[in-house]
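Colleague: Structure file upload_8.cif (mmCIF, C-alpha atoms and all ligand atoms) right here:
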data_input
#
loop_
_atom_site.group_PDB
_atom_site.id
_atom_site.type_symbol
_atom_site.label_atom_id
_atom_site.label_comp_id
_atom_site.auth_asym_id
_atom_site.auth_seq_id
_atom_site.Cartn_x
_atom_site.Cartn_y
_atom_site.Cartn_z
ATOM 1 C CA MET A 1 -15.997 237.765 4.820
ATOM 2 C CA THR A 2 -12.520 239.150 5.414
ATOM 3 C CA LEU A 3 -10.708 238.407 8.601
ATOM 4 C CA SER A 4 -8.866 241.094 10.433
ATOM 5 C CA PHE A 5 -5.093 241.100 10.099
ATOM 6 C CA GLU A 6 -4.707 240.000 13.738
ATOM 7 C CA MET A 7 -7.146 237.151 13.288
ATOM 8 C CA THR A 8 -5.341 235.930 10.168
ATOM 9 C CA MET A 9 -1.988 236.017 11.989
ATOM 10 C CA LEU A 10 -3.473 234.148 14.945
ATOM 11 C CA LEU A 11 -4.876 231.408 12.694
ATOM 12 C CA GLU A 12 -1.582 231.128 10.846
ATOM 13 C CA PHE A 13 0.263 230.838 14.173
ATOM 14 C CA MET A 14 -2.120 228.104 15.381
ATOM 15 C CA ARG A 15 -1.723 226.201 12.099
ATOM 16 C CA ARG A 16 2.062 226.227 12.417
ATOM 17 C CA VAL A 17 1.923 225.116 16.040
ATOM 18 C CA ASP A 18 -0.378 222.258 15.011
ATOM 19 C CA VAL A 19 1.973 221.167 12.256
ATOM 20 C CA ALA A 20 4.961 221.349 14.591
ATOM 21 C CA ALA A 21 3.114 219.431 17.313
ATOM 22 C CA LEU A 22 2.038 216.787 14.832
ATOM 23 C CA ALA A 23 5.581 216.413 13.506
ATOM 24 C CA LEU A 24 6.903 216.073 17.047
ATOM 25 C CA LEU A 25 4.249 213.490 17.877
ATOM 26 C CA LEU A 26 5.060 211.443 14.759
ATOM 27 C CA ALA A 27 8.801 211.611 15.501
ATOM 28 C CA CYS A 28 8.185 210.388 19.051
ATOM 29 C CA ALA A 29 5.997 207.535 17.801
ATOM 30 C CA ALA A 30 8.622 206.519 15.233
ATOM 31 C CA ILE A 31 11.388 206.514 17.850
ATOM 32 C CA ALA A 32 9.220 204.548 20.290
ATOM 33 C CA SER A 33 8.251 201.890 17.740
ATOM 34 C CA CYS A 34 11.843 201.678 16.528
ATOM 35 C CA ASP A 35 12.992 201.174 20.121
ATOM 36 C CA SER A 36 10.423 198.463 20.758
ATOM 37 C CA ALA A 37 11.310 196.721 17.463
ATOM 38 C CA LYS A 38 14.948 196.776 18.551
ATOM 39 C CA SER A 39 14.168 195.364 21.988
ATOM 40 C CA ASN A 40 11.910 192.672 20.394
ATOM 41 C CA GLN A 41 14.778 191.695 18.116
ATOM 42 C CA ALA A 42 17.171 191.546 21.045
ATOM 43 C CA GLU A 43 14.719 189.437 23.046
ATOM 44 C CA SER A 44 14.082 186.966 20.203
ATOM 45 C CA ALA A 45 17.855 186.665 19.640
ATOM 46 C CA ARG A 46 18.294 185.999 23.362
ATOM 47 C CA ILE A 47 15.625 183.267 23.373
ATOM 48 C CA ARG A 48 16.988 181.649 20.186
ATOM 49 C CA THR A 49 20.456 181.499 21.753
ATOM 50 C CA LYS A 50 18.958 180.006 24.916
ATOM 51 C CA LEU A 51 17.138 177.360 22.814
ATOM 52 C CA GLU A 52 20.222 176.478 20.773
ATOM 53 C CA ALA A 53 22.214 175.946 23.981
ATOM 54 C CA ILE A 54 19.872 173.162 25.155
ATOM 55 C CA PRO A 55 21.125 169.705 24.037
ATOM 56 C CA LEU A 56 18.687 167.819 21.755
ATOM 57 C CA ASP A 57 18.186 165.072 24.328
ATOM 58 C CA GLN A 58 16.991 167.551 26.936
ATOM 59 C CA LYS A 59 13.484 168.969 27.308
ATOM 60 C CA VAL A 60 12.668 172.555 26.416
ATOM 61 C CA GLN A 61 10.387 174.361 28.839
ATOM 62 C CA PHE A 62 9.624 177.846 27.591
ATOM 63 C CA THR A 63 6.683 180.015 28.553
ATOM 64 C CA ASN A 64 4.225 181.059 25.848
ATOM 65 C CA ASP A 65 5.566 184.605 26.225
ATOM 66 C CA GLU A 66 9.012 183.301 25.283
ATOM 67 C CA TRP A 67 7.676 181.237 22.358
ATOM 68 C CA LYS A 68 5.882 184.313 21.039
ATOM 69 C CA TYR A 69 9.228 185.979 20.392
ATOM 70 C CA ILE A 70 10.552 183.237 18.126
ATOM 71 C CA LEU A 71 7.457 181.801 16.398
ATOM 72 C CA THR A 72 5.421 183.321 13.594
ATOM 73 C CA GLY A 73 1.761 184.058 14.307
ATOM 74 C CA ARG A 74 0.661 180.931 12.428
ATOM 75 C CA GLN A 75 3.206 178.719 14.200
ATOM 76 C CA TYR A 76 2.173 180.126 17.586
ATOM 77 C CA TYR A 77 -1.517 179.538 16.829
ATOM 78 C CA VAL A 78 -0.916 175.865 15.992
ATOM 79 C CA LEU A 79 1.942 174.943 18.338
ATOM 80 C CA ARG A 80 0.968 176.881 21.446
ATOM 81 C CA ARG A 81 -2.791 177.435 21.045
ATOM 82 C CA ARG A 82 -3.578 173.971 19.618
ATOM 83 C CA GLY A 83 -4.863 175.488 16.397
ATOM 84 C CA THR A 84 -5.597 173.487 13.250
ATOM 85 C CA GLU A 85 -4.717 174.619 9.737
ATOM 86 C CA LEU A 86 -7.077 174.267 6.819
ATOM 87 C CA PRO A 87 -6.700 171.071 4.753
ATOM 88 C CA PHE A 88 -5.066 171.438 1.310
ATOM 89 C CA ALA A 89 -3.996 174.982 2.305
ATOM 90 C CA ASN A 90 -0.838 174.238 4.223
ATOM 91 C CA ALA A 91 2.833 173.871 3.283
ATOM 92 C CA TYR A 92 3.495 170.117 3.363
ATOM 93 C CA TRP A 93 0.277 168.226 2.614
ATOM 94 C CA HIS A 94 1.539 167.426 -0.901
ATOM 95 C CA THR A 95 5.316 167.275 -0.266
ATOM 96 C CA HIS A 96 6.935 164.094 -1.579
ATOM 97 C CA GLU A 97 10.630 164.941 -1.282
ATOM 98 C CA LYS A 98 12.996 162.917 0.881
ATOM 99 C CA GLY A 99 14.050 164.501 4.140
ATOM 100 C CA VAL A 100 13.208 165.013 7.783
ATOM 101 C CA TYR A 101 10.395 166.965 9.419
ATOM 102 C CA PHE A 102 11.491 168.781 12.573
ATOM 103 C CA CYS A 103 9.414 170.451 15.297
ATOM 104 C CA ALA A 104 9.004 174.066 14.142
ATOM 105 C CA ALA A 105 9.299 175.239 17.754
ATOM 106 C CA CYS A 106 12.299 173.400 19.214
ATOM 107 C CA GLY A 107 13.950 171.622 16.255
ATOM 108 C CA ASN A 108 13.328 168.088 17.537
ATOM 109 C CA PRO A 109 13.365 165.565 14.623
ATOM 110 C CA LEU A 110 9.815 164.175 14.433
ATOM 111 C CA PHE A 111 9.097 162.357 11.168
ATOM 112 C CA SER A 112 11.020 160.944 8.226
ATOM 113 C CA SER A 113 9.634 161.355 4.716
ATOM 114 C CA ASP A 114 9.894 157.539 4.523
ATOM 115 C CA ALA A 115 6.847 157.289 6.789
ATOM 116 C CA LYS A 116 4.850 159.980 4.951
ATOM 117 C CA TYR A 117 1.943 158.864 2.828
ATOM 118 C CA ASP A 118 -0.942 160.427 0.984
ATOM 119 C CA SER A 119 -3.924 160.074 3.300
ATOM 120 C CA GLY A 120 -6.187 162.179 1.072
ATOM 121 C CA THR A 121 -7.048 164.427 4.034
ATOM 122 C CA GLY A 122 -5.110 167.512 2.899
ATOM 123 C CA TRP A 123 -2.792 167.431 5.921
ATOM 124 C CA PRO A 124 0.723 165.924 6.024
ATOM 125 C CA SER A 125 0.247 162.354 7.265
ATOM 126 C CA PHE A 126 2.732 159.817 8.607
ATOM 127 C CA TRP A 127 2.329 156.241 9.788
ATOM 128 C CA GLN A 128 5.036 156.499 12.457
ATOM 129 C CA PRO A 129 7.305 159.073 14.146
ATOM 130 C CA ILE A 130 11.040 159.032 13.414
ATOM 131 C CA GLY A 131 11.840 157.674 16.875
ATOM 132 C CA GLY A 132 9.723 155.917 19.463
ATOM 133 C CA ASP A 133 9.885 158.855 21.841
ATOM 134 C CA ALA A 134 9.802 161.830 19.460
ATOM 135 C CA VAL A 135 6.055 162.396 19.642
ATOM 136 C CA SER A 136 3.782 162.115 22.662
ATOM 137 C CA ALA A 137 0.118 161.234 22.421
ATOM 138 C CA ALA A 138 -2.144 162.546 25.156
ATOM 139 C CA SER A 139 -5.829 163.035 25.579
ATOM 140 C CA HIS A 140 -5.808 166.793 26.269
ATOM 141 C CA SER A 141 -7.915 167.420 23.228
ATOM 142 C CA SER A 142 -9.533 165.211 20.647
ATOM 143 C CA PHE A 143 -10.376 165.936 17.055
ATOM 144 C CA GLY A 144 -12.738 163.715 15.109
ATOM 145 C CA GLY A 145 -11.869 160.733 17.277
ATOM 146 C CA GLY A 146 -8.103 161.345 17.173
ATOM 147 C CA THR A 147 -5.780 161.773 20.124
ATOM 148 C CA GLU A 148 -3.725 164.925 20.492
ATOM 149 C CA THR A 149 -0.032 164.617 19.714
ATOM 150 C CA THR A 150 2.677 166.893 21.052
ATOM 151 C CA CYS A 151 6.427 167.226 20.565
ATOM 152 C CA ALA A 152 7.993 165.095 23.290
ATOM 153 C CA ARG A 153 10.806 167.613 23.721
ATOM 154 C CA CYS A 154 8.981 170.938 24.050
ATOM 155 C CA GLY A 155 5.339 169.941 24.576
ATOM 156 C CA SER A 156 4.082 171.937 21.583
ATOM 157 C CA HIS A 157 0.909 170.798 19.828
ATOM 158 C CA LEU A 158 1.491 169.042 16.492
ATOM 159 C CA GLY A 159 -1.822 167.510 15.453
ATOM 160 C CA HIS A 160 -3.657 164.265 16.183
ATOM 161 C CA VAL A 161 -3.145 160.545 15.759
ATOM 162 C CA PHE A 162 -5.896 158.246 14.459
ATOM 163 C CA ASP A 163 -6.094 154.480 14.234
ATOM 164 C CA ASP A 164 -7.106 154.352 10.570
ATOM 165 C CA GLY A 165 -3.581 154.469 9.120
ATOM 166 C CA PRO A 166 -1.856 152.021 6.768
ATOM 167 C CA ARG A 167 0.162 148.951 7.718
ATOM 168 C CA PRO A 168 2.366 148.152 9.505
ATOM 169 C CA SER A 169 1.399 150.544 12.338
ATOM 170 C CA GLY A 170 -2.233 151.116 11.432
ATOM 171 C CA LEU A 171 -1.757 154.686 12.683
ATOM 172 C CA ARG A 172 -2.251 158.016 10.951
ATOM 173 C CA TYR A 173 -0.322 160.923 12.418
ATOM 174 C CA CYS A 174 -2.281 163.847 10.996
ATOM 175 C CA MET A 175 -0.024 166.880 11.380
ATOM 176 C CA ASN A 176 -0.219 170.620 10.910
ATOM 177 C CA SER A 177 2.388 171.919 8.460
ATOM 178 C CA ALA A 178 2.970 175.011 10.625
ATOM 179 C CA ALA A 179 4.108 172.721 13.445
ATOM 180 C CA LEU A 180 6.793 171.220 11.199
ATOM 181 C CA LYS A 181 9.943 172.386 9.471
ATOM 182 C CA PHE A 182 11.000 170.199 6.555
ATOM 183 C CA VAL A 183 14.682 169.821 5.753
ATOM 184 C CA LYS A 184 15.403 168.131 2.440
ATOM 185 C CA ALA A 185 17.887 165.275 2.428
ATOM 186 C CA VAL A 186 21.247 166.218 0.899
ATOM 187 C CA GLY A 187 21.554 165.149 -2.721
ATOM 188 C CA ASN A 188 17.825 165.378 -3.352
HETATM 189 ZN ZN ZN B 201 9.343 170.689 19.909
#
Turn this file's structure into structure tokens for me.
Ligand SMILES: [Zn+2]
Modeller:
Amino acid sequence: MTLSFEMTMLLEFMRRVDVAALALLLACAAIASCDSAKSNQAESARIRTKLEAIPLDQKVQFTNDEWKYILTGRQYYVLRRRGTELPFANAYWHTHEKGVYFCAACGNPLFSSDAKYDSGTGWPSFWQPIGGDAVSAASHSSFGGGTETTCARCGSHLGHVFDDGPRPSGLRYCMNSAALKFVKAVGN
């Protein structure tokens, strides 16, 4: 079948319009996503600056919307949604280096490597927090008989504490790696 000259021209015209419209649409989408990436970056920079301006001995009270801007998806799931990572498939379960574990949300020092021990559970385990008031234990949620623990500074979920730990405390702070940020001791 042969199309008339007019019909062929019409189809060609429509094809070009489609291509042009598609190109315009893609350009708009690219500009829009670029703009929103820029504003996300600006917002996370703003929240980081706000966090850094709060002295370590003061509490941090951010909304989950604010935390979302500065935490990774995995950190947000654990710290703000009380998620639990898989055993043996997390960053620090087998870390033996000397250093300090900080809250991955607010930077509060939580545990020293001196109190870390191999509990055989596949999660980083400690027999005591670095300071008496660094970690809070509350009964918001329980996990296999443990009591929920949160960062005393920002209220983010860390893991659970059990009473089957080693001496001298007899406690086992069973933590999620995503809730922690390990900083190696200098000279190690
Ligand atoms: Zn914290």
Colleague: Given the file above and the PyMOL selection byres (((chain A and resi 161) around 7) and not hetatm), which residues are selected, and can you give them as a list in words?
Modeller: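 What the PyMOL selection byres (((chain A and resi 161) around 7) and not hetatm) grabs from the file is Gly146, Thr147, Glu148, Thr149, His160, Phe162, Asp163, Leu171, Arg172, Tyr173 and Cys174 of chain A.
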Colleague: Pick out the residues no farther than 7 Å from ligand ZN 201 (chain B), counting only C-alpha atoms and all ligand atoms, and list them as a PDB file with C-alpha atoms, keeping the file's coordinate frame.
Modeller:
ATOM      1  CA  CYS A 103       9.414 170.451  15.297  1.00  0.00           C
ATOM      2  CA  ALA A 104       9.004 174.066  14.142  1.00  0.00           C
ATOM      3  CA  ALA A 105       9.299 175.239  17.754  1.00  0.00           C
ATOM      4  CA  CYS A 106      12.299 173.400  19.214  1.00  0.00           C
ATOM      5  CA  GLY A 107      13.950 171.622  16.255  1.00  0.00           C
ATOM      6  CA  ASN A 108      13.328 168.088  17.537  1.00  0.00           C
ATOM      7  CA  CYS A 151       6.427 167.226  20.565  1.00  0.00           C
ATOM      8  CA  ALA A 152       7.993 165.095  23.290  1.00  0.00           C
ATOM      9  CA  ARG A 153      10.806 167.613  23.721  1.00  0.00           C
ATOM     10  CA  CYS A 154       8.981 170.938  24.050  1.00  0.00           C
ATOM     11  CA  GLY A 155       5.339 169.941  24.576  1.00  0.00           C
ATOM     12  CA  SER A 156       4.082 171.937  21.583  1.00  0.00           C
TER      13      SER A 156
END
Colleague: Between CA of Phe126 (chain A) and CA of Lys181 (chain A), what distance in Å does the model show, to one decimal?
Modeller: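 If I compute the distance from CA of Phe126 (chain A) to CA of Lys181 (chain A), I get 14.5 Å.
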Colleague: What does the structure give for the distance between CA of Pro124 (chain A) and CA of Tyr92 (chain A), in Å to one decimal?
Modeller: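 If I compute the distance from CA of Pro124 (chain A) to CA of Tyr92 (chain A), I get 5.7 Å.
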Colleague: Could you give me, as a ChimeraX atom specification, the residues within 12 Å of Val78 (chain A), counting all atoms listed in the file and dropping anything in the same chain fewer than 3 positions from it?
Modeller: /A:67-68,71-75,81-86,90,103-105,149-150,156-160,175-180
Colleague: Could you please determine the separation between CA of Ser125 (chain A) and CA of Tyr77 (chain A) in Å, to one decimal place?
Modeller: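 Interatomic distance here is 19.7 Å.
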Colleague: Run the PyMOL selection byres (((chain A and resi 187) around 12) and not hetatm) mentally over the shown coordinates, then write out the matched residues as a list in words, using the chain letters and numbers from the document.
Modeller: Glu97, Lys98, Gly99, Val183, Lys184, Ala185, Val186 and Asn188 of chain A
Colleague: Can you tell me, as lines of an AutoDock Vina configuration file, the centre and edge lengths (Å, one decimal) of the axis-aligned box enclosing all of region 56-71 of chain A's listed atoms after padding each side by 3 Å?
Modeller:
center_x = 11.5
center_y = 175.5
center_z = 22.6
size_x = 20.5
size_y = 26.9
size_z = 18.4
Colleague: Skipping near chain neighbours, those fewer than 4 positions away, what residues fall within 10 Å of region 34-43 of chain A using all atoms listed in the file, listed as an MDAnalysis selection string?
Modeller: chainID A and resid 28:30 47:49 66 69:70
Colleague: What would the file look like if the residues just selected were written as a PDB file, in the frame of the given file with C-alpha atoms?
Modeller:
ATOM      1  CA  CYS A  28       8.185 210.388  19.051  1.00  0.00           C
ATOM      2  CA  ALA A  29       5.997 207.535  17.801  1.00  0.00           C
ATOM      3  CA  ALA A  30       8.622 206.519  15.233  1.00  0.00           C
ATOM      4  CA  ILE A  47      15.625 183.267  23.373  1.00  0.00           C
ATOM      5  CA  ARG A  48      16.988 181.649  20.186  1.00  0.00           C
ATOM      6  CA  THR A  49      20.456 181.499  21.753  1.00  0.00           C
ATOM      7  CA  GLU A  66       9.012 183.301  25.283  1.00  0.00           C
ATOM      8  CA  TYR A  69       9.228 185.979  20.392  1.00  0.00           C
ATOM      9  CA  ILE A  70      10.552 183.237  18.126  1.00  0.00           C
TER      10      ILE A  70
END
